[in-house]
Protein chains: 2
Amino acid sequence: MKARPHVTLEDVARSANVSLATASRVLNGTASVRADLRERVSAAAAELAYAPNAHAQALAGGTHRTVGVICHDVGDPYFAAIAGGVMRVATDNGLLVMLAGTFRDPDREVAYVSTLRAQRAAAILLIGSAFEDRAWERAMAAELEPYRRGGGQVAAVSRHRGLKIDTVQPDNKGGAAALAKALVGLGHKRFAVLAGPRQLSTVVDRLAGFSDGLAEHGITLHEDDVVETAFTRDGGYDAAKRLLAGRKRKLPTCVFAVTDVMAIGALTALREEGLSVPDDISIAGFDDIPVVRDLAPALTTVRLPLEELGERAMDLAIKGAGGTRPRTVRLSGEVVLRESTARPKR
Amino acid sequence: MKARPHVTLEDVARSANVSLATASRVLNGTASVRADLRERVSAAAAELAYAPNAHAQALAGGTHRTVGVICHDVGDPYFAAIAGGVMRVATDNGLLVMLAGTFRDPDREVAYVSTLRAQRAAAILLIGSAFEDRAWERAMAAELEPYRRGGGQVAAVSRHRGLKIDTVQPDNKGGAAALAKALVGLGHKRFAVLAGPRQLSTVVDRLAGFSDGLAEHGITLHEDDVVETAFTRDGGYDAAKRLLAGRKRKLPTCVFAVTDVMAIGALTALREEGLSVPDDISIAGFDDIPVVRDLAPALTTVRLPLEELGERAMDLAIKGAGGTRPRTVRLSGEVVLRESTARPKR
DNA sequence: TGGAATCGAGAAAGCGCTTTCTGACGACTC
DNA sequence: GAGTCGTCAGAAAGCGCTTTCTCGATTCCA
């Protein structure tokens, strides 16, 4: 057998002794074709293991069945959960998902959008906090705008409003405020927050919400109660260590890590330093990624409907933009008190 | 401004007052072009926010810059870690990754390969245990074979040898055997194994390795010491509960869950039943996914170089098949004893 | 200064498919 | 039985790009 490049529709047509057009019609069910011809074409296609060239189909004005999803880190359970939701909806709609991780590099994010644009992806989904940065925003808009003008759909999860796109927005502020109130309700008065870089809108919102929640009870969150760190497990770990190193005596009774992933790192750091959670110190996270219920102690957090976040974003993109105003779907979180928080003993 | 479809190379060429060919050459740097023309083309392209149509490029015999990665579940940390490795290498090589989750549905897996074939993906990576099923294997081969004949690269992580493809194979058997020996070394004599479905080759290998390792020390793993369950966190949870329910008295002193994810579920189940790990019972997993070091107690496991698994698989695919024989890269694991295992007290 | 050799730009031929547009052919109507 | 539709298969025109192939304009050597 010779090494031939690819089986084409023409091969199928020739083998079935019909025209290209007829073969195409049979394979797509576009128009009615006499039964015997239809039969011959199907048989030939199967025989030759024909797979249509998706590029040619796309070029010929056919379908664009792929959607691009851009997130910061595929390995992060938060994104993984959202991506799961996206994929379910995508699969249900016969769409292929291209998942890209930017490793939090703004330039790479813009580059990916550009590539997706070149692929004529049916939709682009931006998952995760935007960078609050004018230059980045401009660059992003410069890619997104022509993409949409060309008929592309764009939707985002948890994004900056600077980009005028359809968004599924978890209620970061409200959730954090509710959490703050719940923690104050447990009797806590001295707090510390492990925050990610303030460039990220999610960080800013959760911080603000938490601060507001405390303020309602007359508690002020001072700037030096906030430890800024990387938005990762290791970031949480480091920040907790720094927190302890800095103030061995006037330790807070409760620590709020702005994401569960960071809380997990912090939990380990606290344990390593010989502190018992929640006896010596309480800790709470945000997101309710699947694994936190399996921790010991199980983590108090704000439950976000992660999969739904992804599903709704995909929905938004599929349904297409109706009006000209960007739509926003708000999804609220729910405080889940678990064993990592308790009444303070100090 | 009118809603126009897309900026094409022709638009750019016209705007720059050069021919299509010249514009193409400038944008690809294919051949030398007079400086002023080059300048004009670049300017026009930027001005119009031109993005080449990747489909047209692919069709015209240009580049195929996308690779497909198929795994069981994107949300599973094991796959996420491997995918991270794949993505790093892919990005370094200017490739786009399309990640697909099959949710352990064999048919969907085959369907994805078919789609990827249609996309003329540069490579297809199969991540995770194969289904040990003749019909599935045949269907898979029927897709893969024409794909490779057409120049496609295929590589796998942790797969069945039935499919004759390049493979990165973690040493499941050896790792499990080493783990068994280490556990026996701690003094354990009565074991139980939480296993996934035996359809999956990974399960079979780890089970066999563990059994062999025990056998070397004269310990026999009986069939009813093995609890078969779903290959997930919940599977581990359920299996552990069943284990306890079944034999409140002659409890094993050590439980081996064939994956960390399952071990995590089991850990929670054990805790819920009031058993202390490792005082009442020891537990070990396999894979060393990132989160297990943050558990309390931290999980004993077999460390697999997960990211490297992905990297090597991508390497294999990029380097292309040299000879006709499928290549196999073997990566060994390393037993990591942590706090979830201790000398048995019973 | 003439002719060969060189260089670079444009014309045009596909890549594999979808989709009008055409044109047979048989089934109708009056 | 002549004329009119309605069907359905085939011919052909792109979709947007890359890449020969071609040919005019330079440059260089004799």
# chains A, B, ... in the order shown; residues from 1 in each chain; ligands from 1

call {"tool": "residues_around", "arguments": {"residues": "Ala208 (chain B)", "least_positions_apart": "5", "cutoff": "9 Å", "atoms": "only C-alpha atoms (C1' of nucleotides)", "output": "list of chain:residue names"}}
result
B:Lys173, B:Ala176, B:Ala177, B:Val203, B:Gly213

call {"tool": "write_last_selection", "arguments": {"atoms": "C-alpha atoms", "output": "PDB file, in the first residue's frame"}}
result
ATOM      1  CA  LYS B 173       3.712  -2.427  38.614  1.00  0.00           C
ATOM      2  CA  ALA B 176       3.093  -0.667  43.542  1.00  0.00           C
ATOM      3  CA  ALA B 177       5.460  -3.504  44.379  1.00  0.00           C
ATOM      4  CA  VAL B 203      -5.754  -0.679  37.789  1.00  0.00           C
ATOM      5  CA  GLY B 213       5.281  -7.120  46.270  1.00  0.00           C
TER       6      GLY B 213
END

call {"tool": "closest_atom_pairs", "arguments": {"of": "chain A", "to": "chain B", "cutoff": "6 Å", "atoms": "only C-alpha atoms", "output": "JSON lines"}}
result
{"residue": "A:Pro5", "atom": "CA", "partner": "B:Gly150", "partner_atom": "CA", "distance": 4.9}
{"residue": "A:His6", "atom": "CA", "partner": "B:Gly150", "partner_atom": "CA", "distance": 5.2}
{"residue": "A:Ala51", "atom": "CA", "partner": "B:Ala118", "partner_atom": "CA", "distance": 5.5}
{"residue": "A:Pro52", "atom": "CA", "partner": "B:Ala118", "partner_atom": "CA", "distance": 5.5}
{"residue": "A:Asn53", "atom": "CA", "partner": "B:Ala118", "partner_atom": "CA", "distance": 5.0}
{"residue": "A:Ala54", "atom": "CA", "partner": "B:Gln119", "partner_atom": "CA", "distance": 5.0}
{"residue": "A:His55", "atom": "CA", "partner": "B:His55", "partner_atom": "CA", "distance": 4.7}
{"residue": "A:Gly75", "atom": "CA", "partner": "B:Ala80", "partner_atom": "CA", "distance": 4.8}
{"residue": "A:Ala80", "atom": "CA", "partner": "B:Gly75", "partner_atom": "CA", "distance": 4.8}
{"residue": "A:Ala81", "atom": "CA", "partner": "B:Gly75", "partner_atom": "CA", "distance": 5.8}
{"residue": "A:Met98", "atom": "CA", "partner": "B:Met98", "partner_atom": "CA", "distance": 3.9}
{"residue": "A:Leu99", "atom": "CA", "partner": "B:Leu99", "partner_atom": "CA", "distance": 5.5}
{"residue": "A:Ala118", "atom": "CA", "partner": "B:Asn53", "partner_atom": "CA", "distance": 4.9}
{"residue": "A:Gln119", "atom": "CA", "partner": "B:Ala54", "partner_atom": "CA", "distance": 5.0}
{"residue": "A:Gly150", "atom": "CA", "partner": "B:Pro5", "partner_atom": "CA", "distance": 4.9}
{"residue": "A:Thr268", "atom": "CA", "partner": "B:Asp294", "partner_atom": "CA", "distance": 5.7}
{"residue": "A:Asp294", "atom": "CA", "partner": "B:Thr268", "partner_atom": "CA", "distance": 5.7}
{"residue": "A:Leu295", "atom": "CA", "partner": "B:Leu295", "partner_atom": "CA", "distance": 5.9}
{"residue": "A:Ala296", "atom": "CA", "partner": "B:Ala296", "partner_atom": "CA", "distance": 5.7}

call {"tool": "write_last_selection", "arguments": {"atoms": "C-alpha atoms", "output": "CSV table (one decimal), in the first residue's frame"}}
result
chain,number,residue,atom,x,y,z
A,5,PRO,CA,-1.7,11.7,2.0
A,6,HIS,CA,-5.3,11.8,2.8
A,51,ALA,CA,-12.7,11.9,7.5
A,52,PRO,CA,-13.7,15.2,6.1
A,53,ASN,CA,-11.1,17.9,6.3
A,54,ALA,CA,-12.4,20.3,8.9
A,55,HIS,CA,-10.3,23.1,7.6
A,75,GLY,CA,-3.9,22.6,37.0
A,80,ALA,CA,-10.6,22.7,36.3
A,81,ALA,CA,-14.1,22.7,37.8
A,98,MET,CA,-9.6,24.1,23.0
A,99,LEU,CA,-8.2,24.8,26.5
A,118,ALA,CA,-7.1,33.0,13.4
A,119,GLN,CA,-8.8,29.6,14.0
A,150,GLY,CA,-16.3,39.0,12.3
A,268,THR,CA,-0.1,23.4,55.9
A,294,ASP,CA,-11.8,16.3,52.4
A,295,LEU,CA,-9.2,18.3,54.3
A,296,ALA,CA,-8.8,17.8,58.0

call {"tool": "interface_residues", "arguments": {"of": "chain B", "to": "chain C", "cutoff": "9 Å", "atoms": "only C-alpha atoms (C1' of nucleotides)", "output": "PyMOL selection string"}}
result
chain B and resi 18-22+31-34+56+58-61

call {"tool": "write_last_selection", "arguments": {"atoms": "N, CA and C atoms", "output": "PDB file, in the first residue's frame"}}
result
ATOM      1  N   VAL B  18      -0.006  46.085  -3.062  1.00  0.00           N
ATOM      2  CA  VAL B  18       0.921  45.057  -3.556  1.00  0.00           C
ATOM      3  C   VAL B  18       0.096  43.833  -3.921  1.00  0.00           C
ATOM      4  N   SER B  19       0.754  42.829  -4.420  1.00  0.00           N
ATOM      5  CA  SER B  19       0.021  41.617  -4.787  1.00  0.00           C
ATOM      6  C   SER B  19      -0.193  40.734  -3.564  1.00  0.00           C
ATOM      7  N   LEU B  20      -1.113  39.830  -3.712  1.00  0.00           N
ATOM      8  CA  LEU B  20      -1.398  38.861  -2.675  1.00  0.00           C
ATOM      9  C   LEU B  20      -0.130  38.136  -2.265  1.00  0.00           C
ATOM     10  N   ALA B  21       0.608  37.695  -3.271  1.00  0.00           N
ATOM     11  CA  ALA B  21       1.811  36.913  -3.015  1.00  0.00           C
ATOM     12  C   ALA B  21       2.785  37.696  -2.146  1.00  0.00           C
ATOM     13  N   THR B  22       2.970  38.925  -2.492  1.00  0.00           N
ATOM     14  CA  THR B  22       3.919  39.734  -1.732  1.00  0.00           C
ATOM     15  C   THR B  22       3.467  39.892  -0.287  1.00  0.00           C
ATOM     16  N   ALA B  31      10.210  35.067   1.969  1.00  0.00           N
ATOM     17  CA  ALA B  31      11.239  35.458   1.013  1.00  0.00           C
ATOM     18  C   ALA B  31      11.549  36.936   1.211  1.00  0.00           C
ATOM     19  N   SER B  32      12.636  37.382   0.637  1.00  0.00           N
ATOM     20  CA  SER B  32      13.006  38.776   0.829  1.00  0.00           C
ATOM     21  C   SER B  32      12.122  39.668  -0.031  1.00  0.00           C
ATOM     22  N   VAL B  33      11.756  40.761   0.553  1.00  0.00           N
ATOM     23  CA  VAL B  33      10.864  41.715  -0.104  1.00  0.00           C
ATOM     24  C   VAL B  33      11.457  43.099   0.102  1.00  0.00           C
ATOM     25  N   ARG B  34      11.328  43.920  -0.876  1.00  0.00           N
ATOM     26  CA  ARG B  34      11.903  45.261  -0.774  1.00  0.00           C
ATOM     27  C   ARG B  34      11.384  45.953   0.487  1.00  0.00           C
ATOM     28  N   ALA B  56      -7.574  28.453   6.202  1.00  0.00           N
ATOM     29  CA  ALA B  56      -7.054  28.623   4.856  1.00  0.00           C
ATOM     30  C   ALA B  56      -5.573  28.270   4.813  1.00  0.00           C
ATOM     31  N   ALA B  58      -4.001  26.193   6.741  1.00  0.00           N
ATOM     32  CA  ALA B  58      -3.867  24.745   6.860  1.00  0.00           C
ATOM     33  C   ALA B  58      -4.207  24.088   5.526  1.00  0.00           C
ATOM     34  N   LEU B  59      -5.258  24.583   4.910  1.00  0.00           N
ATOM     35  CA  LEU B  59      -5.703  24.005   3.651  1.00  0.00           C
ATOM     36  C   LEU B  59      -4.639  24.166   2.577  1.00  0.00           C
ATOM     37  N   ALA B  60      -4.066  25.320   2.554  1.00  0.00           N
ATOM     38  CA  ALA B  60      -3.098  25.612   1.507  1.00  0.00           C
ATOM     39  C   ALA B  60      -1.782  24.878   1.747  1.00  0.00           C
ATOM     40  N   GLY B  61      -1.809  23.931   2.633  1.00  0.00           N
ATOM     41  CA  GLY B  61      -0.605  23.141   2.845  1.00  0.00           C
ATOM     42  C   GLY B  61       0.327  23.764   3.840  1.00  0.00           C
TER      43      GLY B  61
END

call {"tool": "atom_distance", "arguments": {"atom1": "CA of Ala155 (chain A)", "atom2": "CA of Val113 (chain A)"}}
result
12.3 Å

call {"tool": "interface_residues", "arguments": {"of": "chain D", "to": "chain B", "cutoff": "12 Å", "atoms": "only C-alpha atoms (C1' of nucleotides)", "output": "ChimeraX atom specification"}}
result
/D:15-20

call {"tool": "select_by_dssp", "arguments": {"residues": "region 55-191 of chain B", "states": "helix (DSSP H, G or I)", "output": "PyMOL selection string"}}
result
chain B and resi 55-59+77-92+106-118+134-149+172-185

call {"tool": "select_by_dssp", "arguments": {"residues": "region 83-193 of chain B", "states": "strand (DSSP E or B)", "output": "ChimeraX atom specification"}}
result
/B:96-101,123-127,131,153-157,166-170,191-193

call {"tool": "write_last_selection", "arguments": {"atoms": "N, CA and C atoms", "output": "PDB file, in the first residue's frame"}}
result
ATOM      1  N   LEU B  96      -0.850  24.772  19.670  1.00  0.00           N
ATOM      2  CA  LEU B  96      -2.059  25.005  20.454  1.00  0.00           C
ATOM      3  C   LEU B  96      -2.592  23.668  20.942  1.00  0.00           C
ATOM      4  N   VAL B  97      -3.060  23.633  22.148  1.00  0.00           N
ATOM      5  CA  VAL B  97      -3.561  22.384  22.702  1.00  0.00           C
ATOM      6  C   VAL B  97      -5.080  22.376  22.753  1.00  0.00           C
ATOM      7  N   MET B  98      -5.673  21.337  22.218  1.00  0.00           N
ATOM      8  CA  MET B  98      -7.100  21.145  22.385  1.00  0.00           C
ATOM      9  C   MET B  98      -7.300  20.030  23.382  1.00  0.00           C
ATOM     10  N   LEU B  99      -7.894  20.351  24.482  1.00  0.00           N
ATOM     11  CA  LEU B  99      -8.040  19.373  25.545  1.00  0.00           C
ATOM     12  C   LEU B  99      -9.473  18.865  25.560  1.00  0.00           C
ATOM     13  N   ALA B 100      -9.614  17.566  25.592  1.00  0.00           N
ATOM     14  CA  ALA B 100     -10.952  17.005  25.606  1.00  0.00           C
ATOM     15  C   ALA B 100     -11.100  16.027  26.758  1.00  0.00           C
ATOM     16  N   GLY B 101     -12.237  16.066  27.393  1.00  0.00           N
ATOM     17  CA  GLY B 101     -12.515  15.123  28.472  1.00  0.00           C
ATOM     18  C   GLY B 101     -13.584  14.147  28.031  1.00  0.00           C
ATOM     19  N   ALA B 123      -0.914  16.258  16.131  1.00  0.00           N
ATOM     20  CA  ALA B 123      -0.685  15.083  16.963  1.00  0.00           C
ATOM     21  C   ALA B 123      -1.884  14.837  17.857  1.00  0.00           C
ATOM     22  N   ILE B 124      -2.036  13.595  18.242  1.00  0.00           N
ATOM     23  CA  ILE B 124      -3.075  13.233  19.195  1.00  0.00           C
ATOM     24  C   ILE B 124      -2.415  12.547  20.375  1.00  0.00           C
ATOM     25  N   LEU B 125      -2.728  13.032  21.566  1.00  0.00           N
ATOM     26  CA  LEU B 125      -2.177  12.428  22.775  1.00  0.00           C
ATOM     27  C   LEU B 125      -3.297  11.772  23.563  1.00  0.00           C
ATOM     28  N   LEU B 126      -3.095  10.528  23.889  1.00  0.00           N
ATOM     29  CA  LEU B 126      -4.078   9.801  24.689  1.00  0.00           C
ATOM     30  C   LEU B 126      -3.541   9.692  26.110  1.00  0.00           C
ATOM     31  N   ILE B 127      -4.230  10.334  27.035  1.00  0.00           N
ATOM     32  CA  ILE B 127      -3.717  10.334  28.399  1.00  0.00           C
ATOM     33  C   ILE B 127      -4.583   9.470  29.292  1.00  0.00           C
ATOM     34  N   PHE B 131      -9.022   1.314  27.801  1.00  0.00           N
ATOM     35  CA  PHE B 131     -10.042   0.346  28.142  1.00  0.00           C
ATOM     36  C   PHE B 131      -9.600  -1.010  27.610  1.00  0.00           C
ATOM     37  N   GLN B 153       0.713  12.281  14.175  1.00  0.00           N
ATOM     38  CA  GLN B 153       1.511  11.675  15.235  1.00  0.00           C
ATOM     39  C   GLN B 153       0.599  11.269  16.383  1.00  0.00           C
ATOM     40  N   VAL B 154       0.898  10.138  16.973  1.00  0.00           N
ATOM     41  CA  VAL B 154       0.104   9.690  18.105  1.00  0.00           C
ATOM     42  C   VAL B 154       1.038   9.282  19.239  1.00  0.00           C
ATOM     43  N   ALA B 155       0.685   9.670  20.439  1.00  0.00           N
ATOM     44  CA  ALA B 155       1.450   9.206  21.588  1.00  0.00           C
ATOM     45  C   ALA B 155       0.490   9.039  22.753  1.00  0.00           C
ATOM     46  N   ALA B 156       0.899   8.256  23.722  1.00  0.00           N
ATOM     47  CA  ALA B 156       0.007   7.971  24.833  1.00  0.00           C
ATOM     48  C   ALA B 156       0.759   7.997  26.149  1.00  0.00           C
ATOM     49  N   VAL B 157       0.007   8.254  27.197  1.00  0.00           N
ATOM     50  CA  VAL B 157       0.555   8.092  28.534  1.00  0.00           C
ATOM     51  C   VAL B 157      -0.210   6.962  29.176  1.00  0.00           C
ATOM     52  N   ASP B 166       3.453   4.966  20.307  1.00  0.00           N
ATOM     53  CA  ASP B 166       4.484   5.433  21.228  1.00  0.00           C
ATOM     54  C   ASP B 166       3.856   5.728  22.581  1.00  0.00           C
ATOM     55  N   THR B 167       4.535   5.316  23.619  1.00  0.00           N
ATOM     56  CA  THR B 167       3.920   5.402  24.929  1.00  0.00           C
ATOM     57  C   THR B 167       4.914   5.849  26.001  1.00  0.00           C
ATOM     58  N   VAL B 168       4.423   6.687  26.888  1.00  0.00           N
ATOM     59  CA  VAL B 168       5.169   6.970  28.101  1.00  0.00           C
ATOM     60  C   VAL B 168       4.494   6.176  29.196  1.00  0.00           C
ATOM     61  N   GLN B 169       5.237   5.291  29.769  1.00  0.00           N
ATOM     62  CA  GLN B 169       4.628   4.343  30.681  1.00  0.00           C
ATOM     63  C   GLN B 169       5.184   4.500  32.087  1.00  0.00           C
ATOM     64  N   PRO B 170       4.371   4.985  33.004  1.00  0.00           N
ATOM     65  CA  PRO B 170       4.853   5.005  34.382  1.00  0.00           C
ATOM     66  C   PRO B 170       4.954   3.559  34.870  1.00  0.00           C
ATOM     67  N   PHE B 191      -3.838  -6.445  54.559  1.00  0.00           N
ATOM     68  CA  PHE B 191      -4.058  -5.345  53.625  1.00  0.00           C
ATOM     69  C   PHE B 191      -5.428  -5.401  52.962  1.00  0.00           C
ATOM     70  N   ALA B 192      -5.870  -4.245  52.544  1.00  0.00           N
ATOM     71  CA  ALA B 192      -7.024  -4.191  51.643  1.00  0.00           C
ATOM     72  C   ALA B 192      -6.648  -3.232  50.523  1.00  0.00           C
ATOM     73  N   VAL B 193      -7.221  -3.467  49.366  1.00  0.00           N
ATOM     74  CA  VAL B 193      -6.938  -2.592  48.231  1.00  0.00           C
ATOM     75  C   VAL B 193      -8.238  -2.015  47.708  1.00  0.00           C
TER      76      VAL B 193
END
